[in-house]
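Trainee: So that you have it, the file is upload06.cif, and it contains mmCIF, C-alpha atoms and all ligand atoms:
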data_data
loop_
_atom_site.label_atom_id
_atom_site.label_comp_id
_atom_site.auth_asym_id
_atom_site.auth_seq_id
_atom_site.Cartn_x
_atom_site.Cartn_y
_atom_site.Cartn_z
CA MET M 5 -4.43 -4.43 -88.25
CA ARG M 6 -4.66 -7.80 -89.97
CA GLU M 7 -0.94 -7.70 -90.76
CA PHE M 8 -0.09 -6.45 -87.32
CA LEU M 9 -1.91 -9.35 -85.69
CA LYS M 10 -0.22 -11.80 -88.00
CA THR M 11 3.19 -10.64 -86.82
CA LYS M 12 2.00 -11.37 -83.28
CA GLY M 13 0.82 -14.82 -84.31
CA TYR M 14 -2.93 -14.19 -84.39
CA LYS M 15 -5.43 -14.46 -87.19
CA MET M 16 -8.04 -11.83 -87.89
CA THR M 17 -11.56 -13.20 -87.94
CA PRO M 18 -14.78 -11.28 -88.68
CA GLN M 19 -15.87 -11.34 -85.03
CA ARG M 20 -12.45 -10.36 -83.84
CA GLU M 21 -12.41 -7.51 -86.30
CA LEU M 22 -15.76 -6.30 -85.02
CA VAL M 23 -14.58 -6.36 -81.41
CA PHE M 24 -11.37 -4.54 -82.28
CA ARG M 25 -13.15 -1.91 -84.35
CA SER M 26 -15.77 -1.33 -81.66
CA PHE M 27 -13.10 -0.94 -79.03
CA PHE M 28 -11.14 1.63 -80.99
CA GLU M 29 -14.31 3.55 -81.76
CA LEU M 30 -15.06 3.80 -78.05
CA GLY M 31 -11.40 4.41 -77.28
CA GLU M 32 -11.28 5.56 -73.71
CA HIS M 33 -12.22 3.98 -70.38
CA VAL M 34 -14.13 1.15 -71.99
CA SER M 35 -15.54 -1.52 -69.70
CA VAL M 36 -16.21 -5.04 -70.95
CA ASP M 37 -19.95 -4.46 -70.59
CA GLU M 38 -19.82 -1.29 -72.65
CA LEU M 39 -17.85 -2.98 -75.35
CA PHE M 40 -20.22 -5.93 -75.32
CA ASP M 41 -23.24 -3.63 -75.76
CA ARG M 42 -21.56 -1.87 -78.62
CA VAL M 43 -20.65 -5.09 -80.39
CA ARG M 44 -24.16 -6.49 -79.90
CA GLN M 45 -25.70 -3.47 -81.57
CA ILE M 46 -24.01 -4.62 -84.75
CA ASP M 47 -23.95 -8.39 -84.37
CA LYS M 48 -26.16 -10.19 -81.88
CA ALA M 49 -24.36 -13.47 -82.48
CA VAL M 50 -21.19 -12.42 -80.70
CA GLY M 51 -20.96 -13.85 -77.20
CA TYR M 52 -19.69 -12.20 -74.07
CA SER M 53 -16.68 -14.48 -73.80
CA THR M 54 -15.64 -13.65 -77.36
CA VAL M 55 -15.71 -9.96 -76.51
CA TRP M 56 -13.81 -10.60 -73.30
CA ARG M 57 -11.15 -12.76 -74.95
CA ASN M 58 -10.55 -10.28 -77.71
CA LEU M 59 -10.34 -7.36 -75.33
CA LYS M 60 -7.65 -9.30 -73.45
CA LEU M 61 -5.93 -9.86 -76.77
CA ILE M 62 -5.96 -6.14 -77.54
CA CYS M 63 -4.12 -5.61 -74.24
CA GLU M 64 -1.78 -8.51 -74.85
CA VAL M 65 -0.55 -7.13 -78.16
CA GLY M 66 0.00 -3.77 -76.51
CA LEU M 67 -2.82 -1.71 -77.97
CA ALA M 68 -4.70 -1.08 -74.75
CA ARG M 69 -4.01 -0.78 -71.09
CA GLU M 70 -6.09 -1.52 -68.03
CA VAL M 71 -7.34 1.34 -65.93
CA ASN M 72 -8.17 0.27 -62.38
CA VAL M 73 -9.45 2.86 -59.99
CA GLY M 74 -10.48 0.49 -57.27
CA ASP M 75 -14.24 0.50 -57.80
CA GLY M 76 -14.20 -3.06 -59.06
CA VAL M 77 -14.73 -2.13 -62.70
CA THR M 78 -11.78 -2.59 -65.00
CA ARG M 79 -11.72 -0.14 -67.86
CA TYR M 80 -9.47 -0.07 -70.87
CA ASP M 81 -7.68 2.81 -72.56
CA ARG M 82 -6.11 2.57 -75.97
CA VAL M 83 -2.41 3.25 -75.66
CA THR M 84 -1.97 5.31 -78.80
CA ARG M 85 -3.49 8.20 -76.90
CA LYS M 86 -1.21 10.70 -75.21
CA PRO M 87 -0.06 9.93 -71.68
CA HIS M 88 -2.63 11.07 -69.18
CA GLY M 89 -3.55 10.59 -65.57
CA HIS M 90 -7.01 10.05 -64.18
CA PHE M 91 -9.14 11.84 -61.68
CA TYR M 92 -11.67 9.37 -60.36
CA CYS M 93 -14.78 10.86 -58.80
CA VAL M 94 -15.93 8.59 -55.98
CA SER M 95 -19.33 10.25 -56.05
CA CYS M 96 -20.47 9.97 -59.68
CA LYS M 97 -17.84 7.36 -60.70
CA SER M 98 -16.68 9.41 -63.65
CA LEU M 99 -13.12 9.41 -64.91
CA LEU M 100 -11.58 12.70 -65.93
CA GLU M 101 -8.23 12.97 -67.60
CA PHE M 102 -5.36 15.31 -67.12
CA ASP M 103 -2.20 15.79 -69.09
CA LEU M 104 0.76 13.78 -67.83
CA ASN M 105 3.38 15.17 -70.16
CA GLU M 106 4.78 17.59 -67.66
CA ILE M 107 5.25 15.19 -64.76
CA ALA M 108 6.03 12.12 -66.87
CA GLY M 109 9.58 13.34 -67.40
CA ARG M 110 10.05 13.97 -63.72
CA LEU M 111 8.72 10.56 -62.76
CA ALA M 112 11.11 8.95 -65.23
CA LYS M 113 14.00 10.82 -63.61
CA VAL M 114 13.02 9.60 -60.16
CA ALA M 115 13.00 6.04 -61.46
CA THR M 116 16.37 6.43 -63.17
CA ALA M 117 17.88 7.87 -60.01
CA GLU M 118 16.72 4.77 -58.16
CA LYS M 119 18.11 2.58 -60.92
CA PHE M 120 14.64 1.34 -61.66
CA GLU M 121 13.71 0.48 -65.21
CA THR M 122 10.24 1.82 -65.88
CA GLU M 123 7.93 -0.04 -68.21
CA SER M 124 4.82 1.94 -67.53
CA PHE M 125 3.30 4.05 -64.85
CA LYS M 126 -0.07 5.39 -63.96
CA VAL M 127 -1.27 8.31 -61.93
CA GLU M 128 -4.73 8.02 -60.46
CA ILE M 129 -6.20 10.55 -58.09
CA GLU M 130 -9.37 9.87 -56.18
CA GLY M 131 -11.70 12.58 -55.02
CA VAL M 132 -14.87 14.43 -55.86
CA CYS M 133 -15.32 16.22 -59.16
CA LYS M 134 -16.40 19.83 -59.51
CA SER M 135 -19.96 19.18 -60.62
CA CYS M 136 -20.55 16.82 -57.70
CA ARG M 137 -19.11 19.40 -55.31
CA ASP M 138 -21.29 22.12 -56.81
CA LYS M 139 -24.34 19.94 -56.37
CA GLU M 140 -23.34 19.20 -52.80
CA ASN M 141 -22.73 22.89 -52.11
CA ARG M 142 -26.16 23.85 -53.36
CA LYS M 143 -27.75 21.22 -51.15
CA THR M 144 -25.92 22.27 -48.02
CA LYS M 145 -26.62 25.93 -48.71
CA ARG M 146 -30.31 25.22 -48.91
CA SER M 147 -30.59 23.11 -45.78
CA LEU M 148 -27.88 24.41 -43.53
CA SER M 149 -26.00 27.62 -44.07
CA GLU M 150 -23.70 26.57 -41.24
CA SER M 151 -20.56 24.47 -41.52
CA PRO M 152 -18.80 25.60 -44.65
CA GLY M 153 -16.08 23.38 -45.98
CA VAL M 154 -18.13 20.28 -45.34
CA SER M 155 -17.92 19.33 -48.96
CA LYS M 156 -14.34 20.35 -49.52
CA ALA M 157 -13.01 17.35 -51.33
CA LYS M 158 -9.81 15.84 -50.17
CA LEU M 159 -7.70 14.50 -52.97
CA SER M 160 -5.84 11.40 -52.08
CA LYS M 161 -3.04 10.22 -54.26
CA LYS M 162 -2.81 6.52 -54.68
CA ARG M 163 0.63 5.01 -54.47
ZN ZN D 201 -7.91 7.65 -69.69
ZN ZN D 202 -18.52 13.52 -59.70
#
Can you turn what I pasted into structure tokens?
Ligand SMILES: [Zn+2]
Ligand SMILES: [Zn+2]
Mentor:
Amino acid sequence: MREFLKTKGYKMTPQRELVFRSFFELGEHVSVDELFDRVRQIDKAVGYSTVWRNLKLICEVGLAREVNVGDGVTRYDRVTRKPHGHFYCVSCKSLLEFDLNEIAGRLAKVATAEKFETESFKVEIEGVCKSCRDKENRKTKRSLSESPGVSKAKLSKKR
């Protein structure tokens, strides 16, 4: 990592190393706050802006990518992981992943056909996850046995 950063023109410092290590330990869908908490468990001297700056750096050198699902919280995924899309549950705010391998090829073909050069793409689907729907179902069953389908989640594909 030290050598890698050097080739990008950055020096590795102890605090930077801690932020990097903490991020890669968390790995998926990391928010700045989460990363900050993690770092502070090890070193209370590291400030929020240091964590923030280094997280930006991790993205800048291409090791992480932003995940934005429109709830105002930016999360970060390390890019060495396999391509995946996200299901975002609007009810419990959880992010679930699904394999993108199968449709990634098709998306690339669409882009090529349109003479568009793809650098990256993301697939994010908003809706309600199964456990939230189950909870909702149990509630409605208890109170009202009428109106089935009330909690049928509609998946909306963004972009
Ligand atoms: Zn992810
Ligand atoms: Zn949910």
Trainee: List all protein, DNA and RNA residues that have at least one atom no more than 6 Å from any atom of ligand ZN 201 (chain D), counting only C-alpha atoms and all ligand atoms, and write them as a VMD selection string.
Mentor: chain M and resid 32 to 33 81 101
Trainee: Please indicate the distance in Å from CA of Ile46 in chain M to CA of Gln19 in chain M, rounded to one decimal place.
Mentor: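 Interatomic distance here is 10.6 Å.
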Trainee: Kindly indicate which residue among M:Lys113, M:Lys126, M:Lys139, M:Lys97 lies nearest to ligand ZN 202 (chain D), using only C-alpha atoms and all ligand atoms for the distances.
Mentor: M:Lys97
Trainee: Of the candidates M:Thr17, M:Gln45, M:Thr144, M:Ser98, which shows the shortest atom-to-atom distance to Val77 in chain M, using only C-alpha atoms?
Mentor: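 Of M:Thr17, M:Gln45, M:Thr144, M:Ser98, the one nearest Val77 in chain M is M:Ser98, counting only C-alpha atoms.
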Trainee: Name the closest residue to Val132 in chain M among the candidates M:Val114, M:Val83, M:Val55, M:Cys96; distances are taken between atoms, counting all atoms listed in the file.
Mentor: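 Between M:Val114, M:Val83, M:Val55, M:Cys96, the residue approaching Val132 in chain M most closely is M:Cys96.
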Trainee: Neighbours of ligand ZN 202 (chain D) at 12 Å or closer, counting only C-alpha atoms and all ligand atoms: which residues, as a PyMOL selection string?
Mentor: chain M and resi 91-100+130-140+157
Trainee: Given the selection you just returned, output its residues as a file containing C-alpha atoms, formatted as a PDB file, in the coordinates of the input.
Mentor:
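Resulting contents of out08.pdb:
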ATOM      1  CA  PHE M  91      -9.140  11.840 -61.680  1.00  0.00           C
ATOM      2  CA  TYR M  92     -11.670   9.370 -60.360  1.00  0.00           C
ATOM      3  CA  CYS M  93     -14.780  10.860 -58.800  1.00  0.00           C
ATOM      4  CA  VAL M  94     -15.930   8.590 -55.980  1.00  0.00           C
ATOM      5  CA  SER M  95     -19.330  10.250 -56.050  1.00  0.00           C
ATOM      6  CA  CYS M  96     -20.470   9.970 -59.680  1.00  0.00           C
ATOM      7  CA  LYS M  97     -17.840   7.360 -60.700  1.00  0.00           C
ATOM      8  CA  SER M  98     -16.680   9.410 -63.650  1.00  0.00           C
ATOM      9  CA  LEU M  99     -13.120   9.410 -64.910  1.00  0.00           C
ATOM     10  CA  LEU M 100     -11.580  12.700 -65.930  1.00  0.00           C
ATOM     11  CA  GLU M 130      -9.370   9.870 -56.180  1.00  0.00           C
ATOM     12  CA  GLY M 131     -11.700  12.580 -55.020  1.00  0.00           C
ATOM     13  CA  VAL M 132     -14.870  14.430 -55.860  1.00  0.00           C
ATOM     14  CA  CYS M 133     -15.320  16.220 -59.160  1.00  0.00           C
ATOM     15  CA  LYS M 134     -16.400  19.830 -59.510  1.00  0.00           C
ATOM     16  CA  SER M 135     -19.960  19.180 -60.620  1.00  0.00           C
ATOM     17  CA  CYS M 136     -20.550  16.820 -57.700  1.00  0.00           C
ATOM     18  CA  ARG M 137     -19.110  19.400 -55.310  1.00  0.00           C
ATOM     19  CA  ASP M 138     -21.290  22.120 -56.810  1.00  0.00           C
ATOM     20  CA  LYS M 139     -24.340  19.940 -56.370  1.00  0.00           C
ATOM     21  CA  GLU M 140     -23.340  19.200 -52.800  1.00  0.00           C
ATOM     22  CA  ALA M 157     -13.010  17.350 -51.330  1.00  0.00           C
TER      23      ALA M 157
END
Trainee: With only C-alpha atoms as the counted atoms, please give the residues lying no more than 9 Å from Tyr52 in chain M, apart from itself and same-chain residues fewer than 6 positions off, as a list in words.
Mentor: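 Listing them by chain and then by number gives Val36, Asp37 and Phe40 of chain M.
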Trainee: Box for range 31-43 of chain M - axis-aligned, 8 Å on each of the six sides, all listed atoms - centre and size in Å to one decimal, as lines of an AutoDock Vina configuration file.
Mentor:
center_x = -17.3
center_y = -0.2
center_z = -75.0
size_x = 28.0
size_y = 27.5
size_z = 26.7
Trainee: Tell me, in Å to one decimal, how far CA of Val71 in chain M is from CA of Phe125 in chain M.
Mentor: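 Those two atoms sit 11.0 Å apart.
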Trainee: Using all atoms listed in the file, pick whichever of M:Arg44, M:His88, M:Val34, M:Arg142 has the shortest atom-to-atom distance to Glu106 in chain M.
Mentor: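 Closest residue, counting all atoms listed in the file: M:His88.
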Trainee: Give me, please, the distance in Å between CA of Asn72 in chain M and CA of Phe28 in chain M, quoted to one decimal.
Mentor: 18.9 Å
Trainee: Please determine the residues with any atom at most 10 Å from (-11.8, -7.6, -78.3) (coordinates as given in the file, with all atoms listed in the file counting) and report them as a list in words.
Mentor: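 Residues with an atom at most 10 Å from (-11.8, -7.6, -78.3): Gln19, Arg20, Glu21, Leu22, Val23, Phe24, Arg25, Ser26, Phe27, Phe28, Val36, Leu39, Phe40, Val43, Ser53, Thr54, Val55, Trp56, Arg57, Asn58, Leu59, Lys60, Leu61, Ile62 and Cys63 of chain M.
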Trainee: Export C-alpha atoms of the chosen residues as a compact mmCIF listing (two decimals), keeping the file's coordinate frame?
Mentor:
# COMPACT_ATOMS: atom_id res chain seq x y z
CA GLN M 19 -15.87 -11.34 -85.03
CA ARG M 20 -12.45 -10.36 -83.84
CA GLU M 21 -12.41 -7.51 -86.30
CA LEU M 22 -15.76 -6.30 -85.02
CA VAL M 23 -14.58 -6.36 -81.41
CA PHE M 24 -11.37 -4.54 -82.28
CA ARG M 25 -13.15 -1.91 -84.35
CA SER M 26 -15.77 -1.33 -81.66
CA PHE M 27 -13.10 -0.94 -79.03
CA PHE M 28 -11.14 1.63 -80.99
CA VAL M 36 -16.21 -5.04 -70.95
CA LEU M 39 -17.85 -2.98 -75.35
CA PHE M 40 -20.22 -5.93 -75.32
CA VAL M 43 -20.65 -5.09 -80.39
CA SER M 53 -16.68 -14.48 -73.80
CA THR M 54 -15.64 -13.65 -77.36
CA VAL M 55 -15.71 -9.96 -76.51
CA TRP M 56 -13.81 -10.60 -73.30
CA ARG M 57 -11.15 -12.76 -74.95
CA ASN M 58 -10.55 -10.28 -77.71
CA LEU M 59 -10.34 -7.36 -75.33
CA LYS M 60 -7.65 -9.30 -73.45
CA LEU M 61 -5.93 -9.86 -76.77
CA ILE M 62 -5.96 -6.14 -77.54
CA CYS M 63 -4.12 -5.61 -74.24
Trainee: Using only C-alpha atoms, find the one residue out of M:Asn105, M:Lys12, M:Arg69, M:Val127 that sits nearest to Gly89 in chain M.
Mentor: M:Val127
Trainee: Identify, on the basis of all atoms listed in the file, every residue whose closest approach to Lys15 in chain M does not exceed 8 Å; exclude the query and any residue fewer than 3 positions from it along the same chain; express the result as a CSV table (one decimal) with C-alpha atoms, keeping the file's coordinate frame.
Mentor:
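Contents of the output file around_22.csv:
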chain,number,residue,atom,x,y,z
M,6,ARG,CA,-4.7,-7.8,-90.0
M,9,LEU,CA,-1.9,-9.4,-85.7
M,10,LYS,CA,-0.2,-11.8,-88.0
